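upload_16.cif, holding mmCIF, C-alpha atoms and all ligand atoms:
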data_start
loop_
_atom_site.label_atom_id
_atom_site.label_comp_id
_atom_site.auth_asym_id
_atom_site.auth_seq_id
_atom_site.Cartn_x
_atom_site.Cartn_y
_atom_site.Cartn_z
CA MET T 196 73.13 107.32 181.15
CA ASP T 197 71.39 104.03 180.32
CA PHE T 198 70.40 105.53 177.05
CA GLU T 199 73.96 106.55 176.23
CA ARG T 200 75.28 103.11 177.04
CA ALA T 201 72.60 101.38 174.98
CA LEU T 202 73.37 103.60 172.01
CA ALA T 203 77.10 102.94 172.28
CA GLY T 204 76.38 99.22 172.50
CA VAL T 205 74.28 99.36 169.30
CA GLU T 206 77.03 101.15 167.45
CA SER T 207 79.74 98.75 168.51
CA THR T 208 77.60 95.73 167.53
CA PHE T 209 77.10 97.45 164.19
CA GLU T 210 80.87 97.84 163.76
CA GLN T 211 81.49 94.20 164.65
CA ARG T 212 79.00 92.90 162.15
CA LEU T 213 80.19 95.21 159.43
CA GLY T 214 83.76 94.11 160.01
CA ALA T 215 82.71 90.52 159.38
CA ALA T 216 80.76 91.29 156.19
CA THR T 217 82.25 89.61 153.09
CA ARG T 218 79.54 90.17 150.48
CA ASP T 219 77.28 93.01 149.30
CA ALA T 220 74.32 91.06 150.69
CA ASP T 221 75.85 91.08 154.21
CA VAL T 222 76.07 94.85 154.07
CA ALA T 223 72.47 95.15 152.92
CA GLU T 224 71.37 92.92 155.78
CA ILE T 225 73.22 95.03 158.34
CA GLN T 226 71.62 98.15 156.93
CA VAL T 227 68.14 96.70 157.48
CA ALA T 228 69.04 95.40 160.92
CA PHE T 229 70.19 98.79 162.18
CA LEU T 230 68.58 101.47 160.06
CA GLY T 231 65.50 99.63 158.76
CA ARG T 232 61.93 100.17 159.86
CA SER T 233 62.26 97.88 162.86
CA GLY T 234 66.05 98.17 163.11
CA GLU T 235 68.01 98.82 166.25
CA LEU T 236 68.25 102.58 165.82
CA THR T 237 64.55 102.89 165.04
CA LEU T 238 63.76 101.08 168.27
CA MET T 239 66.05 103.46 170.12
CA ARG T 240 64.18 106.39 168.60
CA ARG T 241 60.89 104.99 169.84
CA ALA T 242 62.41 104.68 173.32
CA ILE T 243 63.05 108.42 173.44
CA GLY T 244 59.50 108.93 174.67
CA LYS T 245 60.41 107.14 177.90
CA LEU T 246 63.10 109.68 178.76
CA PRO T 247 62.43 112.75 180.86
CA PRO T 248 61.24 115.53 178.51
CA GLU T 249 64.35 117.71 179.00
CA GLU T 250 66.63 114.89 177.82
CA ARG T 251 64.67 114.06 174.68
CA PRO T 252 66.07 116.63 172.19
CA ALA T 253 69.70 115.75 173.03
CA ALA T 254 68.94 112.03 172.72
CA GLY T 255 67.36 112.55 169.30
CA GLN T 256 70.45 114.41 168.13
CA ARG T 257 72.75 111.62 169.39
CA ILE T 258 70.74 108.99 167.49
CA ASN T 259 70.80 111.04 164.32
CA ALA T 260 74.57 111.41 164.57
CA VAL T 261 75.00 107.65 164.98
CA ALA T 262 72.65 106.99 162.05
CA GLU T 263 74.67 109.33 159.87
CA ARG T 264 77.93 107.60 160.78
CA MET T 265 76.37 104.21 160.03
CA GLU T 266 75.27 105.34 156.56
CA LEU T 267 78.81 106.45 155.77
CA ARG T 268 80.35 103.26 157.10
CA LEU T 269 77.93 101.13 155.06
CA ALA T 270 78.78 103.00 151.87
CA SER T 271 82.51 102.70 152.40
CA ALA T 272 82.18 99.00 153.28
CA LEU T 273 80.43 98.42 149.94
CA GLU T 274 83.19 100.28 148.15
CA THR T 275 85.88 98.17 149.83
CA LEU T 276 84.09 94.94 148.96
CA ARG T 277 83.80 95.97 145.30
CA ALA T 278 87.46 96.84 145.02
CA ARG T 279 88.41 93.56 146.66
CA GLY T 280 86.15 91.65 144.26
CA LEU T 281 87.72 93.36 141.25
CA ASP T 282 91.20 92.54 142.49
CA ALA T 283 90.24 88.90 142.89
CA ALA T 284 88.71 88.77 139.42
CA LEU T 285 91.79 90.37 137.89
CA LYS T 286 94.08 87.98 139.69
CA GLN T 287 92.20 85.11 138.17
CA HIS T 288 92.52 86.36 134.57
CA VAL T 289 95.56 88.58 134.41
CA ASP T 290 99.06 87.75 135.37
CA ALA T 291 100.30 91.26 136.06
CA THR T 292 103.88 90.02 136.20
CA PHE T 293 103.76 88.67 132.62
CA PRO T 294 106.00 90.74 130.30
CA ALA T 295 103.92 93.12 128.19
CA ALA T 296 103.61 92.49 124.45
CA ALA T 297 105.59 95.02 122.48
CA ARG T 298 103.22 97.42 120.78
CA ARG T 299 103.55 97.04 117.00
CA ARG T 300 103.12 100.24 115.06
CA GLY T 301 102.02 99.96 111.45
CA SER T 302 103.99 101.76 108.77
CA ILE T 303 103.31 102.75 105.20
CA HIS T 304 104.64 100.29 102.64
CA PRO T 305 107.51 101.79 100.62
CA ILE T 306 105.64 101.21 97.35
CA ARG T 307 102.54 102.97 98.63
CA ARG T 308 104.67 105.79 99.98
CA THR T 309 106.30 106.23 96.56
CA LEU T 310 102.94 106.11 94.78
CA GLN T 311 101.62 108.70 97.22
CA ASP T 312 104.63 110.96 96.77
CA VAL T 313 104.44 110.78 92.97
CA CYS T 314 100.67 111.40 92.94
CA ASP T 315 101.08 114.19 95.46
CA PHE T 316 103.60 115.94 93.25
CA PHE T 317 101.18 115.88 90.31
CA GLU T 318 98.05 116.63 92.31
CA ARG T 319 99.60 119.84 93.60
CA ARG T 320 100.12 120.84 89.97
CA GLY T 321 96.48 120.33 89.06
CA TYR T 322 96.61 116.82 87.60
CA ALA T 323 93.75 114.44 88.22
CA VAL T 324 94.65 111.13 89.89
CA VAL T 325 92.55 108.38 88.32
CA LEU T 326 92.43 104.63 88.74
CA GLY T 327 91.63 102.02 86.12
CA PRO T 328 90.72 98.34 85.89
CA GLU T 329 93.42 95.70 86.24
CA VAL T 330 91.49 93.39 83.93
CA GLU T 331 91.55 95.08 80.54
CA THR T 332 90.45 94.48 76.97
CA GLU T 333 92.95 93.91 74.17
CA TYR T 334 91.47 96.97 72.55
CA HIS T 335 92.39 99.35 75.40
CA ALA T 336 95.69 97.65 76.24
CA PHE T 337 97.00 97.31 72.68
CA ASP T 338 94.87 98.13 69.61
CA ALA T 339 93.93 101.67 70.61
CA LEU T 340 97.54 102.30 71.61
CA ASN T 341 98.69 101.74 68.04
CA ILE T 342 99.74 98.14 68.68
CA PRO T 343 97.79 96.03 66.14
CA PRO T 344 97.51 92.23 66.70
CA ASP T 345 100.49 91.33 64.51
CA HIS T 346 102.71 94.06 65.97
CA PRO T 347 105.99 92.70 67.39
CA ALA T 348 105.69 95.03 70.41
CA ARG T 349 102.88 92.83 71.71
CA GLU T 350 105.40 90.07 72.26
CA GLY T 351 107.42 92.39 74.49
CA PHE T 352 104.51 92.64 76.84
CA ASP T 353 104.44 88.95 77.96
CA THR T 354 100.81 89.29 78.86
CA PHE T 355 98.58 87.08 81.01
CA TYR T 356 95.57 86.46 78.79
CA LEU T 357 92.13 85.70 80.20
CA PRO T 358 89.19 84.11 78.37
CA GLY T 359 87.00 86.36 76.23
CA GLY T 360 89.62 88.73 74.82
CA LEU T 361 90.46 90.02 78.30
CA LEU T 362 93.87 90.27 79.91
CA LEU T 363 95.65 91.43 83.04
CA ARG T 364 96.94 94.84 82.05
CA PRO T 365 100.69 94.70 81.36
CA HIS T 366 100.93 98.51 81.74
CA THR T 367 98.81 101.44 82.90
CA SER T 368 98.72 102.99 79.41
CA PRO T 369 95.19 101.65 78.64
CA MET T 370 93.94 104.36 81.00
CA GLN T 371 95.17 106.93 78.49
CA VAL T 372 92.67 105.50 76.05
CA ARG T 373 89.82 105.22 78.55
CA THR T 374 90.28 108.79 79.76
CA MET T 375 90.55 110.30 76.30
CA LEU T 376 87.48 108.39 75.10
CA ALA T 377 85.52 109.80 78.04
CA HIS T 378 86.82 113.38 78.14
CA GLN T 379 87.69 116.15 75.74
CA PRO T 380 91.06 117.94 75.90
CA PRO T 381 92.67 119.72 77.66
CA LEU T 382 93.52 117.11 80.24
CA ALA T 383 96.28 116.26 82.69
CA LEU T 384 96.23 113.10 84.74
CA VAL T 385 98.27 110.44 86.46
CA VAL T 386 97.27 106.81 86.93
CA PRO T 387 98.91 104.81 89.72
CA GLY T 388 98.23 101.09 89.71
CA ARG T 389 99.25 97.48 89.57
CA CYS T 390 100.31 95.74 86.36
CA TYR T 391 101.05 92.13 85.46
CA ARG T 392 103.47 90.38 83.13
CA ARG T 393 104.57 86.80 82.64
CA ASP T 394 108.05 87.55 83.94
CA ALA T 395 110.08 85.06 85.92
CA LEU T 396 110.55 86.29 89.48
CA ASP T 397 114.05 87.45 90.33
CA ALA T 398 115.75 90.30 92.17
CA ARG T 399 114.70 92.83 89.51
CA HIS T 400 111.53 91.39 87.95
CA SER T 401 108.13 90.45 89.25
CA PHE T 402 104.96 89.22 87.57
CA ALA T 403 103.04 91.84 89.56
CA PHE T 404 104.37 95.37 89.84
CA HIS T 405 103.26 98.98 89.74
CA GLN T 406 103.36 101.81 87.28
CA VAL T 407 102.37 105.43 87.33
CA GLU T 408 101.10 106.64 83.98
CA GLY T 409 101.04 110.32 83.11
CA LEU T 410 99.21 112.09 80.31
CA VAL T 411 98.90 115.73 79.31
CA VAL T 412 96.95 116.79 76.22
CA ALA T 413 96.24 120.35 75.12
CA GLU T 414 97.08 122.79 72.37
CA GLY T 415 100.79 123.59 72.16
CA ILE T 416 102.11 120.91 74.50
CA THR T 417 105.75 120.06 73.75
CA MET T 418 108.46 117.64 74.81
CA ALA T 419 110.10 120.47 76.76
CA HIS T 420 107.17 120.37 79.21
CA LEU T 421 107.69 116.64 79.56
CA LYS T 422 111.36 116.96 80.34
CA GLY T 423 110.84 119.81 82.79
CA THR T 424 108.10 117.85 84.52
CA MET T 425 110.24 114.71 84.80
CA GLU T 426 113.11 116.74 86.20
CA ALA T 427 110.92 118.47 88.81
CA MET T 428 109.44 115.12 89.79
CA CYS T 429 112.87 113.50 90.22
CA ARG T 430 114.05 116.43 92.33
CA GLU T 431 111.06 116.03 94.59
CA LEU T 432 111.54 112.27 94.89
CA PHE T 433 115.32 112.06 95.19
CA GLY T 434 116.63 115.54 96.03
CA PRO T 435 117.35 118.97 94.50
CA GLN T 436 120.61 117.91 92.83
CA GLN T 437 118.89 115.52 90.39
CA ARG T 438 119.34 115.83 86.65
CA VAL T 439 117.32 114.07 83.98
CA ARG T 440 118.30 112.88 80.52
CA PHE T 441 116.21 111.50 77.68
CA ARG T 442 117.47 108.56 75.63
CA PRO T 443 115.87 107.94 72.22
CA SER T 444 113.61 104.91 72.38
CA TYR T 445 110.63 103.31 70.76
CA PHE T 446 107.05 102.84 71.93
CA PRO T 447 104.22 102.31 69.43
CA PHE T 448 102.02 104.87 71.21
CA THR T 449 104.53 107.73 71.23
CA GLU T 450 106.57 109.53 68.58
CA PRO T 451 109.19 110.55 69.37
CA SER T 452 109.79 108.27 72.33
CA ALA T 453 112.31 108.58 75.09
CA GLU T 454 113.61 106.56 78.00
CA VAL T 455 113.78 108.76 81.12
CA ASP T 456 117.00 108.52 83.14
CA THR T 457 117.87 110.40 86.31
CA THR T 458 121.25 110.80 87.93
CA CYS T 459 121.89 107.92 90.31
CA PRO T 460 121.14 109.23 93.81
CA GLY T 461 123.52 106.64 95.20
CA CYS T 462 126.60 108.30 93.68
CA ASN T 463 125.24 111.59 92.32
CA GLY T 464 126.08 110.52 88.78
CA ILE T 465 129.65 109.41 89.37
CA GLY T 466 129.01 105.69 88.95
CA CYS T 467 128.39 103.01 91.56
CA ARG T 468 127.00 99.51 92.00
CA THR T 469 123.36 100.68 91.99
CA CYS T 470 123.72 102.23 88.51
CA SER T 471 126.23 99.62 87.25
CA GLY T 472 128.81 102.37 86.98
CA SER T 473 126.88 104.51 84.47
CA GLY T 474 125.83 107.26 86.88
CA TRP T 475 122.28 107.09 85.50
CA LEU T 476 119.14 105.21 86.46
CA GLU T 477 116.26 104.49 84.14
CA ILE T 478 112.92 105.27 85.77
CA GLY T 479 110.50 104.83 82.85
CA GLY T 480 109.42 105.49 79.29
CA SER T 481 107.85 108.56 77.75
CA GLY T 482 107.15 110.42 74.57
CA MET T 483 104.81 112.56 72.52
CA VAL T 484 101.43 110.87 72.07
CA HIS T 485 101.29 109.22 68.62
CA PRO T 486 98.79 110.84 66.18
CA ASN T 487 97.23 107.41 65.60
CA VAL T 488 96.30 107.22 69.29
CA PHE T 489 94.66 110.64 69.09
CA ARG T 490 92.75 109.65 65.95
CA GLU T 491 91.57 106.45 67.63
CA VAL T 492 89.98 108.37 70.52
CA GLY T 493 88.54 111.07 68.27
CA TYR T 494 91.02 113.83 69.03
CA ASP T 495 92.33 115.99 66.17
CA PRO T 496 96.15 115.58 66.05
CA SER T 497 96.48 118.77 64.02
CA ARG T 498 94.91 120.74 66.86
CA VAL T 499 96.19 119.12 70.07
CA THR T 500 99.47 117.56 71.09
CA GLY T 501 100.35 115.69 74.23
CA TRP T 502 102.94 113.75 76.11
CA ALA T 503 102.80 110.67 78.23
CA PHE T 504 105.03 108.71 80.52
CA GLY T 505 105.02 105.45 82.43
CA ILE T 506 107.36 105.10 85.40
CA GLY T 507 108.13 102.23 87.76
CA PRO T 508 107.55 102.89 91.48
CA GLU T 509 109.36 99.67 92.48
CA ARG T 510 112.49 100.96 90.84
CA ILE T 511 112.10 104.37 92.45
CA ALA T 512 111.45 102.89 95.91
CA MET T 513 114.45 100.56 95.58
CA VAL T 514 116.75 103.45 94.78
CA ARG T 515 115.25 105.75 97.44
CA HIS T 516 115.61 103.17 100.20
CA GLY T 517 118.62 101.19 99.01
CA ILE T 518 116.62 97.99 98.50
CA ASP T 519 118.30 95.60 96.08
CA ASP T 520 115.70 92.86 95.72
CA ILE T 521 112.20 93.57 94.40
CA ARG T 522 110.88 90.48 96.20
CA GLU T 523 111.35 92.23 99.54
CA PHE T 524 108.30 94.35 98.74
CA VAL T 525 105.98 91.35 98.83
CA ASP T 526 107.66 89.03 101.35
CA ASN T 527 105.75 90.71 104.21
CA GLU T 528 108.73 90.37 106.49
CA PRO T 529 108.01 92.54 109.57
CA ALA T 530 111.71 93.28 110.09
CA PHE T 531 111.81 94.74 106.55
CA LEU T 532 108.51 96.61 106.70
CA GLU T 533 109.16 98.15 110.12
CA GLN T 534 112.06 100.16 108.70
CA PHE T 535 109.70 102.51 106.88
N1 LIG A 1 103.63 101.54 78.85
C1 LIG A 1 105.06 101.49 78.73
C2 LIG A 1 105.59 100.20 79.33
O1 LIG A 1 104.94 99.64 80.16
C3 LIG A 1 105.70 102.65 79.42
C4 LIG A 1 105.39 103.92 78.72
C5 LIG A 1 106.22 104.39 77.75
C6 LIG A 1 104.25 104.63 79.02
C7 LIG A 1 105.96 105.58 77.07
C8 LIG A 1 103.96 105.81 78.36
C9 LIG A 1 104.85 106.26 77.38
O2 LIG A 1 102.88 106.53 78.62
O3 LIG A 1 104.56 107.43 76.74
O4 LIG A 1 106.64 99.78 78.98
#

In structure tokens, write the structure found in this file.
Amino acid sequence: MDFERALAGVESTFEQRLGAATRDADVAEIQVAFLGRSGELTLMRRAIGKLPPEERPAAGQRINAVAERMELRLASALETLRARGLDAALKQHVDATFPAAARRRGSIHPIRRTLQDVCDFFERRGYAVVLGPEVETEYHAFDALNIPPDHPAREGFDTFYLPGGLLLRPHTSPMQVRTMLAHQPPLALVVPGRCYRRDALDARHSFAFHQVEGLVVAEGITMAHLKGTMEAMCRELFGPQQRVRFRPSYFPFTEPSAEVDTTCPGCNGIGCRTCSGSGWLEIGGSGMVHPNVFREVGYDPSRVTGWAFGIGPERIAMVRHGIDDIREFVDNEPAFLEQF
């Protein structure tokens, strides 16, 4: 009976001390004091020898049971202390009542989306998508494209000139020259990229803009392919009801040359503000590659023919999304960008 009472006393002292523990170290101390080599329970175990032999096994079992309970209580006390510590730390650094910041999701810029859609259309049809340098030589940007130095068309290109005969490309057409110099026909490619011109900034013009150039060269290529391709592209970009018309035009690097118009998606060709009442929107220039350009790159114009186009993604994106000021694309206004 003495033994039982002593054991109960040890356990209740243990509970009292554990209840007062505030740090991990307190818990460790209690563990040593009760379960350690000269701890209370160990002393009790030694005292078993003083009991009458028939009581010894039961006493051993009672001590083991208490020891087991103590181990569990110690572990859960540690757990409680840790959780309390974390709460305190969080309270110091986080105000859980502060309104959460709205999560901002990125979106694809309408110009990039248009470039992707155009390139995607051509990639699925086997065209290569290639990129070229934005700093170009006069040779690739003009001379090789049948625009000699005294040619009036050079004036139309309001170019930013750099020292050393270099310039910021005013169109993506120089990549026609670079690709043809590097590869033999047949070839089919598109070139998305940024271009620069000394244009005053207004709702319709920017000194930095994009173009997508297209070029197909092989035996037997005709303007009918060009028109069919432009029509299919417009239907993919604007919808299946689109029509395309060619207007005679002039570019030094194509003959014949044509301006590409598509029915205004705003009014389906009836006439509205977007198309200034004409029902048509111009999306770029095109034509059959001039024999002089072929000769310059070493192609035989009596063997191969080809067509090319250069379209304006800004214009396309504006019409697709009903944007009426080109400056919106570069203002980086979150309210504008988040719509896409
Ligand atoms: N490079 C011309 C421009 O920027 C657009 C163009 C017209 C490109 C006809 C072409 C083309 O490839 O065949 O105004």

Exercise for the section: Using only C-alpha atoms, determine which residues lie at most 8 Å from Ile342 (chain T), disregarding the query and same-chain residues fewer than 5 positions distant; provide the list as a PyMOL selection string. Expected result: chain T and resi 337+348-349+447-448

Per residue of chain T within 6 Å of ligand LIG 1 (chain A), note the shortest atom pair and the distance in Å to one decimal, counting only C-alpha atoms and all ligand atoms, and order the rows by chain and increasing residue number, as a Markdown table.
| residue | atom | partner | partner_atom | distance |
| --- | --- | --- | --- | --- |
| T:His366 | CA | A:LIG1 | O1 | 4.5 |
| T:Ser368 | CA | A:LIG1 | N1 | 5.2 |
| T:Glu408 | CA | A:LIG1 | O2 | 5.6 |
| T:Phe446 | CA | A:LIG1 | C7 | 5.9 |
| T:Thr449 | CA | A:LIG1 | O3 | 5.5 |
| T:Gly480 | CA | A:LIG1 | C5 | 3.7 |
| T:Ser481 | CA | A:LIG1 | C7 | 3.6 |
| T:Gly482 | CA | A:LIG1 | O3 | 4.5 |
| T:Ala503 | CA | A:LIG1 | O3 | 4.0 |
| T:Phe504 | CA | A:LIG1 | O2 | 3.6 |
| T:Gly505 | CA | A:LIG1 | C6 | 3.6 |

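Proximity to Val386 (chain T) was assessed for T:Trp502, T:Tyr494, T:Phe198, T:Tyr322 counting all atoms listed in the file; the smallest distance is recorded for T:Tyr322.
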
Practice task
Tell me which protein, DNA and RNA residues are within 7 Å of region 303-307 of chain T, counting only C-alpha atoms, leaving out same-chain ones fewer than 4 positions away, and put them as a list in words.
Solution key: Gln311, Pro508, Glu509, Ala512, Leu532 and Phe535 of chain T

Exercise for the section: Up to 12 Å from (79.5, 93.3, 160.8) in the file's coordinates: name the residues, counting all atoms listed in the file, as a list in words. Expected result: Val205, Glu206, Ser207, Thr208, Phe209, Glu210, Gln211, Arg212, Leu213, Gly214, Ala215, Ala216, Thr217, Arg218, Asp219, Ala220, Asp221, Val222, Ala223, Glu224, Ile225, Gln226, Ala228, Phe229, Met265, Arg268, Leu269 and Ala272 of chain T

Problem - Of the listed residues T:Gln379, T:Arg319, T:Glu266, T:Tyr356, that which approaches Ala336 (chain T) most closely, counting all atoms listed in the file - result: T:Tyr356

Handout entry: CA of Ala413 (chain T) to CA of Thr500 (chain T), distance in Å rounded to a single decimal
Key = 5.9 Å

Identify the residues around (125.5, 101.6, 88.2) within a radius of 12 Å, measuring from only C-alpha atoms in the coordinates stated by the file, and give them as a PDB file with C-alpha atoms, in the frame of the given file.
ATOM      1  CA  THR T 457     117.870 110.400  86.310  1.00  0.00           C
ATOM      2  CA  THR T 458     121.250 110.800  87.930  1.00  0.00           C
ATOM      3  CA  CYS T 459     121.890 107.920  90.310  1.00  0.00           C
ATOM      4  CA  PRO T 460     121.140 109.230  93.810  1.00  0.00           C
ATOM      5  CA  GLY T 461     123.520 106.640  95.200  1.00  0.00           C
ATOM      6  CA  CYS T 462     126.600 108.300  93.680  1.00  0.00           C
ATOM      7  CA  ASN T 463     125.240 111.590  92.320  1.00  0.00           C
ATOM      8  CA  GLY T 464     126.080 110.520  88.780  1.00  0.00           C
ATOM      9  CA  ILE T 465     129.650 109.410  89.370  1.00  0.00           C
ATOM     10  CA  GLY T 466     129.010 105.690  88.950  1.00  0.00           C
ATOM     11  CA  CYS T 467     128.390 103.010  91.560  1.00  0.00           C
ATOM     12  CA  ARG T 468     127.000  99.510  92.000  1.00  0.00           C
ATOM     13  CA  THR T 469     123.360 100.680  91.990  1.00  0.00           C
ATOM     14  CA  CYS T 470     123.720 102.230  88.510  1.00  0.00           C
ATOM     15  CA  SER T 471     126.230  99.620  87.250  1.00  0.00           C
ATOM     16  CA  GLY T 472     128.810 102.370  86.980  1.00  0.00           C
ATOM     17  CA  SER T 473     126.880 104.510  84.470  1.00  0.00           C
ATOM     18  CA  GLY T 474     125.830 107.260  86.880  1.00  0.00           C
ATOM     19  CA  TRP T 475     122.280 107.090  85.500  1.00  0.00           C
ATOM     20  CA  LEU T 476     119.140 105.210  86.460  1.00  0.00           C
ATOM     21  CA  GLU T 477     116.260 104.490  84.140  1.00  0.00           C
ATOM     22  CA  VAL T 514     116.750 103.450  94.780  1.00  0.00           C
TER      23      VAL T 514
END

Using all atoms listed in the file, which residues sit within 9 Å of region 519-521 of chain T once same-chain residues fewer than 6 positions away are excluded, as an mmCIF file with C-alpha atoms, in the frame of the given file?
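Final file, result-v6.cif:
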data_model
loop_
_atom_site.group_PDB
_atom_site.id
_atom_site.type_symbol
_atom_site.label_atom_id
_atom_site.label_comp_id
_atom_site.auth_asym_id
_atom_site.auth_seq_id
_atom_site.Cartn_x
_atom_site.Cartn_y
_atom_site.Cartn_z
ATOM 1 C CA LEU T 396 110.550 86.290 89.480
ATOM 2 C CA ASP T 397 114.050 87.450 90.330
ATOM 3 C CA ALA T 398 115.750 90.300 92.170
ATOM 4 C CA ARG T 399 114.700 92.830 89.510
ATOM 5 C CA HIS T 400 111.530 91.390 87.950
ATOM 6 C CA SER T 401 108.130 90.450 89.250
ATOM 7 C CA THR T 469 123.360 100.680 91.990
ATOM 8 C CA GLU T 509 109.360 99.670 92.480
ATOM 9 C CA ARG T 510 112.490 100.960 90.840
ATOM 10 C CA MET T 513 114.450 100.560 95.580
#

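Remark: for Phe317 (chain T), the closest of the candidate residues T:Glu431, T:Glu528, T:Glu199, T:Glu454 is T:Glu431 (distances computed over only C-alpha atoms).
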
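Of the residues under consideration (T:Gly351, T:Gly321, T:Gly423, T:Pro328), T:Gly423 shows the shortest atom-to-atom contact distance to Phe441 (chain T) when counting all atoms listed in the file.
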
Handout entry: Point-to-point distance from CA of Asp338 (chain T) to CA of Glu491 (chain T), Å rounded to tenths
Key = 9.2 Å

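As for CA of Pro387 (chain T) and CA of Leu361 (chain T), they are spaced 20.5 Å apart.
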
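Restricting the calculation to only C-alpha atoms, the smallest distance between Val439 (chain T) and any of T:Phe489, T:Val407, T:Gly479, T:Cys390 is found for T:Gly479.
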
Exercise for the section: Could you give me, as a PyMOL selection string, the residues within 12 Å of Arg373 (chain T), counting all atoms listed in the file and dropping anything in the same chain fewer than 3 positions from it? Expected result: chain T and resi 325-328+331-332+334-336+339-340+367-370+376-379+384+386+410+488-489+491-493

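Using all atoms listed in the file, the protein and nucleic acid residues lying no more than 12 Å from Pro529 (chain T), apart from those fewer than 4 places from it along its own chain, are Arg299, Arg300, Gly301, Ser302, His304, Glu523, Phe524, Val525, Glu533, Gln534 and Phe535 of chain T.
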
To test the calculation: enclose all listed atoms of region 365-384 of chain T in a box whose edges run along x, y and z, add 8 Å on each side, then state centre and edge lengths in Å to one decimal, as lines of an AutoDock Vina configuration file.
center_x = 93.2
center_y = 107.2
center_z = 79.9
size_x = 31.4
size_y = 41.0
size_z = 25.6

Please complete region 441-454 of chain T with N, CA and C atoms and give it back as a PDB file, keeping the file's coordinate frame.
ATOM      1  N   PHE T 441     117.065 112.316  78.536  1.00  0.00           N
ATOM      2  CA  PHE T 441     116.210 111.500  77.680  1.00  0.00           C
ATOM      3  C   PHE T 441     117.097 110.697  76.741  1.00  0.00           C
ATOM      4  N   ARG T 442     116.786 109.396  76.618  1.00  0.00           N
ATOM      5  CA  ARG T 442     117.470 108.560  75.630  1.00  0.00           C
ATOM      6  C   ARG T 442     116.464 108.153  74.580  1.00  0.00           C
ATOM      7  N   PRO T 443     116.813 108.310  73.282  1.00  0.00           N
ATOM      8  CA  PRO T 443     115.870 107.940  72.220  1.00  0.00           C
ATOM      9  C   PRO T 443     115.421 106.493  72.399  1.00  0.00           C
ATOM     10  N   SER T 444     114.124 106.253  72.182  1.00  0.00           N
ATOM     11  CA  SER T 444     113.610 104.910  72.380  1.00  0.00           C
ATOM     12  C   SER T 444     112.455 104.673  71.413  1.00  0.00           C
ATOM     13  N   TYR T 445     111.781 103.566  71.619  1.00  0.00           N
ATOM     14  CA  TYR T 445     110.630 103.310  70.760  1.00  0.00           C
ATOM     15  C   TYR T 445     109.466 102.759  71.569  1.00  0.00           C
ATOM     16  N   PHE T 446     108.313 103.392  71.460  1.00  0.00           N
ATOM     17  CA  PHE T 446     107.050 102.840  71.930  1.00  0.00           C
ATOM     18  C   PHE T 446     106.034 103.097  70.823  1.00  0.00           C
ATOM     19  N   PRO T 447     105.170 102.129  70.549  1.00  0.00           N
ATOM     20  CA  PRO T 447     104.220 102.310  69.430  1.00  0.00           C
ATOM     21  C   PRO T 447     103.280 103.486  69.653  1.00  0.00           C
ATOM     22  N   PHE T 448     103.021 103.836  70.920  1.00  0.00           N
ATOM     23  CA  PHE T 448     102.020 104.870  71.210  1.00  0.00           C
ATOM     24  C   PHE T 448     102.607 106.252  71.384  1.00  0.00           C
ATOM     25  N   THR T 449     103.929 106.397  71.169  1.00  0.00           N
ATOM     26  CA  THR T 449     104.530 107.730  71.230  1.00  0.00           C
ATOM     27  C   THR T 449     105.479 107.929  70.061  1.00  0.00           C
ATOM     28  N   GLU T 450     105.600 109.176  69.630  1.00  0.00           N
ATOM     29  CA  GLU T 450     106.570 109.530  68.580  1.00  0.00           C
ATOM     30  C   GLU T 450     106.868 111.005  68.669  1.00  0.00           C
ATOM     31  N   PRO T 451     108.079 111.417  68.968  1.00  0.00           N
ATOM     32  CA  PRO T 451     109.190 110.550  69.370  1.00  0.00           C
ATOM     33  C   PRO T 451     109.016 109.950  70.762  1.00  0.00           C
ATOM     34  N   SER T 452     109.838 108.936  71.029  1.00  0.00           N
ATOM     35  CA  SER T 452     109.790 108.270  72.330  1.00  0.00           C
ATOM     36  C   SER T 452     111.129 108.426  73.026  1.00  0.00           C
ATOM     37  N   ALA T 453     111.066 108.433  74.336  1.00  0.00           N
ATOM     38  CA  ALA T 453     112.310 108.580  75.090  1.00  0.00           C
ATOM     39  C   ALA T 453     112.272 107.774  76.378  1.00  0.00           C
ATOM     40  N   GLU T 454     113.410 107.205  76.696  1.00  0.00           N
ATOM     41  CA  GLU T 454     113.610 106.560  78.000  1.00  0.00           C
ATOM     42  C   GLU T 454     114.024 107.683  78.953  1.00  0.00           C
TER      43      GLU T 454
END
